[in-house]
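Contents: one structure, followed by commentary.
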Amino acid sequence: MTRTVRTVVLFAAAAVLPGSRLTAQPRPRLLSTAERDSLQRTLQSLGSSLGAPIDIDSVTAGSMTVAAGESSPGLVVRGGNLDVFGTVTGNAIAIRGDVVLHPGGVVRGDAVSLGGVVRSEGAGGTVAGETRIIGGVLAVPPRAVSAIRRTRSSVLLVIGQFCILATIGFGVVLFAPGNLKVVAETIRDGSTRAFLVGLVGQLAFLPLLILGIVALAITLIGILLIPFAVIAFVMGGIGVMVLAFLAVAYVAGEGWLRHRGAQGITERAFELRALVVGLAAVFLLWMVASALVWAGWLGFAVRGLAMMVTWVAVTTGAGATLISRGGTRRVSLLPAPTTALPDDYSWQTPTPVSGVSAARRPTPAPRAPEL
């Protein structure tokens with residue numbers, strides 16, 4: 001009897017005293033059917049993105065620690081943090097928790113947190129794979145992209161844009177050369193006026209779009225046509241900008257070729273060459289800006305200069321396009337030359353008093369009498 005009482009007292013003390021070695025550990029709460037299904041879908045989606053399936057039975061409830069000097073395969077914890085002091089040979093995943101990288105900690109796979117963060121403590125550890133944050137804040141900066149890769153991507157982007165515009169320009173020269181020439185002539189006749197008209201057109205673009213939508217919204221049929229009208233209006237604006245840019249490039253290339261005295265080629269070949277030369281001249285500044293993307297403020301300044309030059313060119317070309325109605329109406333902005341008087345009135349002499357006074361009109365010499 002005494003032994004039984006002693007055992008009961010020891011178990012009661014173990015349950016009450018927190019420092020006892022027999023303190024009971026809390027058992028993880030069992031998941032309901034809905035929670036398990038939701039977790040299963042989350043793991044399936046996550047496994048698809050990682051390229052490796054994740055079994056729901058491999059998920060550990062609560063926090064988990066990989067001690068220094070220890071190595072563990074891929075780990076998944078739910079409702080707690082995953083502290084990495086040692087090495088995780090696979091992926092380190094925390095659901096509704098944080099992945100904490102301590103000094104010396106290594107994750108050879110990906111570090112993923114759903115609803116938490118991936119953060120470093122002290123000097124932090126290393127992640128060989130990717131750091132992914134879903135529904136949280138990225139606390140570990142991603143691996144920086146090298147300057148060479150950034151420069152290469154920027155240069156390739158500029159080359160791609162040049163090729164697209166050159167292809168469109170070839171189509172315009174082949175199928176609508178008259179429109180391009182009329183817009184180019186309008187630019188040469190009065191670039192200042194064309195720039196001002198293009199500036200007004202840019203400022204009026206959005207108000208005109210809103211006014212058109214309001215006008216269509218008056219009737220039921222108009223309401224149905226609003227999406228198509230908006231798309232058509234925007235596409236028309238893009239078309240004007242493209243034609244404007246090509247016309248400015250054509251003017252620049254034509255001027256350079258005529259200065260160099262290009263001869264011995266057909267008119268169509270001259271037009272294509274002028275367009276390519278003009279586009280190359282405009283994109284040369286963008287190419288320099290792309291090559292200096294790593295140069296900090298210098299690259300930013302060159303890019304700003306390229307944007308300004310392009311905007312002025314497009315605005316001028318857009319104004320010329322609007323003045324000439326898309327290159328369908330030839331409008332000369334230069335003063336008309338004075339018309340010379342016909343030969344029949346060349347004998348009249350203008351005077352400041354009465355306008356034109358009749359001078360002696362020359363008469364032909366008398367003909368010799370016929371014998």
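So you can find residues: chains in the structure tokens are A, B, ... in the order shown, residues in each start at 1, and ligands are numbered from 1 in order.
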
Long-range neighbours of Thr89 of chain A as a ChimeraX atom specification, 12 Å cut-off, only C-alpha atoms, 4 positions minimum in chain: /A:66,70-75,84,105-111,127-129

Residue set, segment 92-305 of chain A restricted to alpha helix (DSSP H), as a PyMOL selection string: chain A and resi 147-175+177-189+191-216+220-260+267-291+297-305

Pick from A:Ile323, A:Gly104, A:Val76, A:Val288: nearest to Ile159 of chain A, with only C-alpha atoms counted?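 For Ile159 of chain A, the nearest of the candidates is A:Val288.
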
So, with only C-alpha atoms as the atoms that count, which of A:Gly122, A:Arg150, A:Ser113, A:Gly237 lies closest to Gly201 of chain A? A:Gly237

Of the listed residues A:Ala306, A:Ala301, A:Val182, A:Leu199, that which approaches Arg325 of chain A most closely, counting only C-alpha atoms: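 Closest to Arg325 of chain A of all the choices is A:Val182.
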
Atom CA of Ile134 of chain A and atom CA of Gly115 of chain A are how many Å apart?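 That distance, rounded to one decimal, is 6.0 Å.
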
What gap, in Å, lies between atom CA of Ala215 of chain A and atom CA of Val242 of chain A? 27.8 Å

For the interface of segment 171-205 of chain A with segment 264-274 of chain A (cut-off 12 Å, counting only C-alpha atoms), please tabulate each contacting residue of segment 171-205 of chain A alongside its nearest pair of atoms and their separation in Å to one decimal, rows sorted by chain and increasing number, as a tab-separated table.
```
residue	atom	partner	partner_atom	distance
A:Gly171	CA	A:Leu272	CA	10.0
A:Val172	CA	A:Leu272	CA	9.8
A:Val173	CA	A:Leu272	CA	6.8
A:Leu174	CA	A:Arg268	CA	8.0
A:Phe175	CA	A:Arg268	CA	11.1
A:Ala176	CA	A:Arg268	CA	11.7
A:Pro177	CA	A:Glu271	CA	8.5
A:Gly178	CA	A:Glu271	CA	11.1
A:Leu180	CA	A:Glu271	CA	9.9
A:Lys181	CA	A:Glu271	CA	9.3
A:Ala184	CA	A:Glu271	CA	11.6
```

Sel. of strand (DSSP E or B) residues, segment 34-82 of chain A, as a list in words: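 Strand (DSSP E or B) members of segment 34-82 of chain A, listed: Val59, Thr60, Ala61, Met64, Thr65, Val66, Ser71, Ser72, Leu75, Val76, Val77, Arg78 and Leu82 of chain A.
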
Kindly export the residues of the current selection with N, CA, C and O atoms, as an mmCIF file, in the first residue's frame.
```
data_model
loop_
_atom_site.group_PDB
_atom_site.id
_atom_site.type_symbol
_atom_site.label_atom_id
_atom_site.label_comp_id
_atom_site.auth_asym_id
_atom_site.auth_seq_id
_atom_site.Cartn_x
_atom_site.Cartn_y
_atom_site.Cartn_z
ATOM 1 N N VAL A 59 5.082 15.053 -43.264
ATOM 2 C CA VAL A 59 5.014 16.390 -42.689
ATOM 3 C C VAL A 59 5.076 16.288 -41.171
ATOM 4 O O VAL A 59 4.359 15.478 -40.551
ATOM 5 N N THR A 60 5.946 17.088 -40.560
ATOM 6 C CA THR A 60 6.106 17.111 -39.111
ATOM 7 C C THR A 60 5.333 18.297 -38.544
ATOM 8 O O THR A 60 5.491 19.426 -38.997
ATOM 9 N N ALA A 61 4.488 18.023 -37.560
ATOM 10 C CA ALA A 61 3.727 19.090 -36.920
ATOM 11 C C ALA A 61 4.594 19.788 -35.883
ATOM 12 O O ALA A 61 5.270 19.141 -35.075
ATOM 13 N N MET A 64 10.940 22.269 -35.781
ATOM 14 C CA MET A 64 11.947 21.228 -35.916
ATOM 15 C C MET A 64 13.304 21.873 -36.098
ATOM 16 O O MET A 64 13.415 22.961 -36.677
ATOM 17 N N THR A 65 14.353 21.228 -35.571
ATOM 18 C CA THR A 65 15.694 21.784 -35.618
ATOM 19 C C THR A 65 16.656 20.750 -36.183
ATOM 20 O O THR A 65 16.612 19.576 -35.775
ATOM 21 N N VAL A 66 17.480 21.187 -37.119
ATOM 22 C CA VAL A 66 18.572 20.358 -37.619
ATOM 23 C C VAL A 66 19.842 20.861 -36.940
ATOM 24 O O VAL A 66 20.329 21.964 -37.246
ATOM 25 N N SER A 71 23.044 15.887 -40.616
ATOM 26 C CA SER A 71 22.600 15.939 -41.998
ATOM 27 C C SER A 71 21.240 15.269 -42.081
ATOM 28 O O SER A 71 21.035 14.189 -41.522
ATOM 29 N N SER A 72 20.329 15.930 -42.753
ATOM 30 C CA SER A 72 18.968 15.416 -42.833
ATOM 31 C C SER A 72 18.472 15.551 -44.266
ATOM 32 O O SER A 72 18.835 16.511 -44.962
ATOM 33 N N LEU A 75 12.974 18.184 -45.542
ATOM 34 C CA LEU A 75 12.115 18.275 -44.368
ATOM 35 C C LEU A 75 10.932 19.184 -44.670
ATOM 36 O O LEU A 75 11.069 20.200 -45.377
ATOM 37 N N VAL A 76 9.770 18.823 -44.083
ATOM 38 C CA VAL A 76 8.563 19.628 -44.209
ATOM 39 C C VAL A 76 7.945 19.741 -42.825
ATOM 40 O O VAL A 76 7.634 18.730 -42.195
ATOM 41 N N VAL A 77 7.792 20.968 -42.327
ATOM 42 C CA VAL A 77 7.172 21.184 -41.026
ATOM 43 C C VAL A 77 5.912 22.015 -41.227
ATOM 44 O O VAL A 77 5.809 22.803 -42.172
ATOM 45 N N ARG A 78 4.948 21.841 -40.323
ATOM 46 C CA ARG A 78 3.681 22.561 -40.396
ATOM 47 C C ARG A 78 3.371 23.188 -39.050
ATOM 48 O O ARG A 78 3.446 22.528 -38.011
ATOM 49 N N LEU A 82 11.415 25.912 -38.970
ATOM 50 C CA LEU A 82 12.447 24.937 -39.291
ATOM 51 C C LEU A 82 13.786 25.637 -39.143
ATOM 52 O O LEU A 82 14.164 26.470 -39.970
#
```

Polymer residues at most 7 Å from Val100 of chain A, only C-alpha atoms, same-chain spacing of 6 or more positions, as a list in words: Leu82, Asp83, Val84, Val118, Arg119, Ser120 and Glu121 of chain A

Can you work out the spacing between atom CA of Ala281 of chain A and atom CA of Arg149 of chain A in Å, to one decimal?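 Between atom CA of Ala281 of chain A and atom CA of Arg149 of chain A the gap is 25.1 Å.
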
Residue neighbourhood segment 41-43 of chain A, 12 Å, only C-alpha atoms, exclusion window fewer than 6 positions, as a compact mmCIF listing (two decimals) with N, CA, C and O atoms, in the first residue's frame:
```txt
# COMPACT_ATOMS: atom_id res chain seq x y z
N ALA A 34 -11.33 18.03 -43.46
CA ALA A 34 -11.20 19.19 -44.33
C ALA A 34 -9.78 19.75 -44.30
O ALA A 34 -9.22 20.13 -45.34
N GLU A 35 -9.17 19.82 -43.09
CA GLU A 35 -7.81 20.32 -42.99
C GLU A 35 -6.83 19.40 -43.69
O GLU A 35 -5.87 19.87 -44.34
N SER A 49 5.48 22.27 -58.30
CA SER A 49 6.40 23.37 -58.57
C SER A 49 7.84 23.00 -58.27
O SER A 49 8.76 23.49 -58.92
N LEU A 50 8.06 22.13 -57.28
CA LEU A 50 9.41 21.71 -56.93
C LEU A 50 9.91 20.54 -57.76
O LEU A 50 11.10 20.23 -57.75
N GLY A 51 8.98 19.89 -58.47
CA GLY A 51 9.38 18.75 -59.28
C GLY A 51 9.56 17.47 -58.49
O GLY A 51 10.16 16.52 -58.99
N ALA A 52 9.05 17.40 -57.27
CA ALA A 52 9.17 16.19 -56.44
C ALA A 52 7.92 16.09 -55.57
O ALA A 52 7.56 17.05 -54.89
N PRO A 53 7.23 14.96 -55.60
CA PRO A 53 6.01 14.83 -54.79
C PRO A 53 6.33 14.85 -53.30
O PRO A 53 7.41 14.44 -52.85
N ILE A 54 5.38 15.36 -52.51
CA ILE A 54 5.53 15.44 -51.05
C ILE A 54 4.41 14.64 -50.42
O ILE A 54 3.22 14.92 -50.66
N ASP A 55 4.77 13.64 -49.62
CA ASP A 55 3.79 12.80 -48.94
C ASP A 55 3.30 13.51 -47.69
O ASP A 55 4.09 14.08 -46.92
N ILE A 56 2.01 13.46 -47.47
CA ILE A 56 1.45 14.13 -46.31
C ILE A 56 1.92 13.51 -45.00
O ILE A 56 2.00 14.17 -43.97
N ASP A 57 2.25 12.23 -45.06
CA ASP A 57 2.72 11.55 -43.84
C ASP A 57 4.13 11.96 -43.46
O ASP A 57 4.57 11.69 -42.33
N SER A 58 4.85 12.61 -44.38
CA SER A 58 6.21 13.05 -44.06
C SER A 58 6.25 14.43 -43.43
O SER A 58 7.32 14.92 -43.09
N VAL A 59 5.08 15.05 -43.26
CA VAL A 59 5.01 16.39 -42.69
C VAL A 59 5.08 16.29 -41.17
O VAL A 59 4.36 15.48 -40.55
N VAL A 76 9.77 18.82 -44.08
CA VAL A 76 8.56 19.63 -44.21
C VAL A 76 7.94 19.74 -42.83
O VAL A 76 7.63 18.73 -42.19
N VAL A 77 7.79 20.97 -42.33
CA VAL A 77 7.17 21.18 -41.03
C VAL A 77 5.91 22.01 -41.23
O VAL A 77 5.81 22.80 -42.17
N ARG A 78 4.95 21.84 -40.32
CA ARG A 78 3.68 22.56 -40.40
C ARG A 78 3.37 23.19 -39.05
O ARG A 78 3.45 22.53 -38.01
N ILE A 93 11.18 23.02 -46.11
CA ILE A 93 9.86 23.62 -46.33
C ILE A 93 9.19 23.84 -44.99
O ILE A 93 9.17 22.94 -44.14
N ALA A 94 8.63 25.05 -44.81
CA ALA A 94 7.87 25.36 -43.61
C ALA A 94 6.51 25.89 -44.04
O ALA A 94 6.42 26.84 -44.81
N ILE A 95 5.44 25.23 -43.53
CA ILE A 95 4.07 25.64 -43.83
C ILE A 95 3.53 26.37 -42.60
O ILE A 95 3.48 25.81 -41.51
N ARG A 96 3.12 27.61 -42.78
CA ARG A 96 2.69 28.48 -41.68
C ARG A 96 3.80 28.58 -40.63
O ARG A 96 3.56 28.49 -39.44
N VAL A 112 11.74 26.96 -48.80
CA VAL A 112 10.38 27.40 -49.13
C VAL A 112 9.61 27.65 -47.85
O VAL A 112 9.68 26.85 -46.91
N LEU A 114 5.61 28.82 -46.72
CA LEU A 114 4.23 29.14 -47.06
C LEU A 114 3.60 29.86 -45.87
O LEU A 114 3.39 29.26 -44.82
N GLY A 115 3.33 31.14 -46.04
CA GLY A 115 2.74 31.91 -44.97
C GLY A 115 3.72 32.40 -43.94
O GLY A 115 3.31 32.88 -42.88
N ILE A 134 5.89 32.22 -50.30
CA ILE A 134 4.49 32.19 -50.75
C ILE A 134 3.63 32.75 -49.63
O ILE A 134 3.51 32.15 -48.57
```
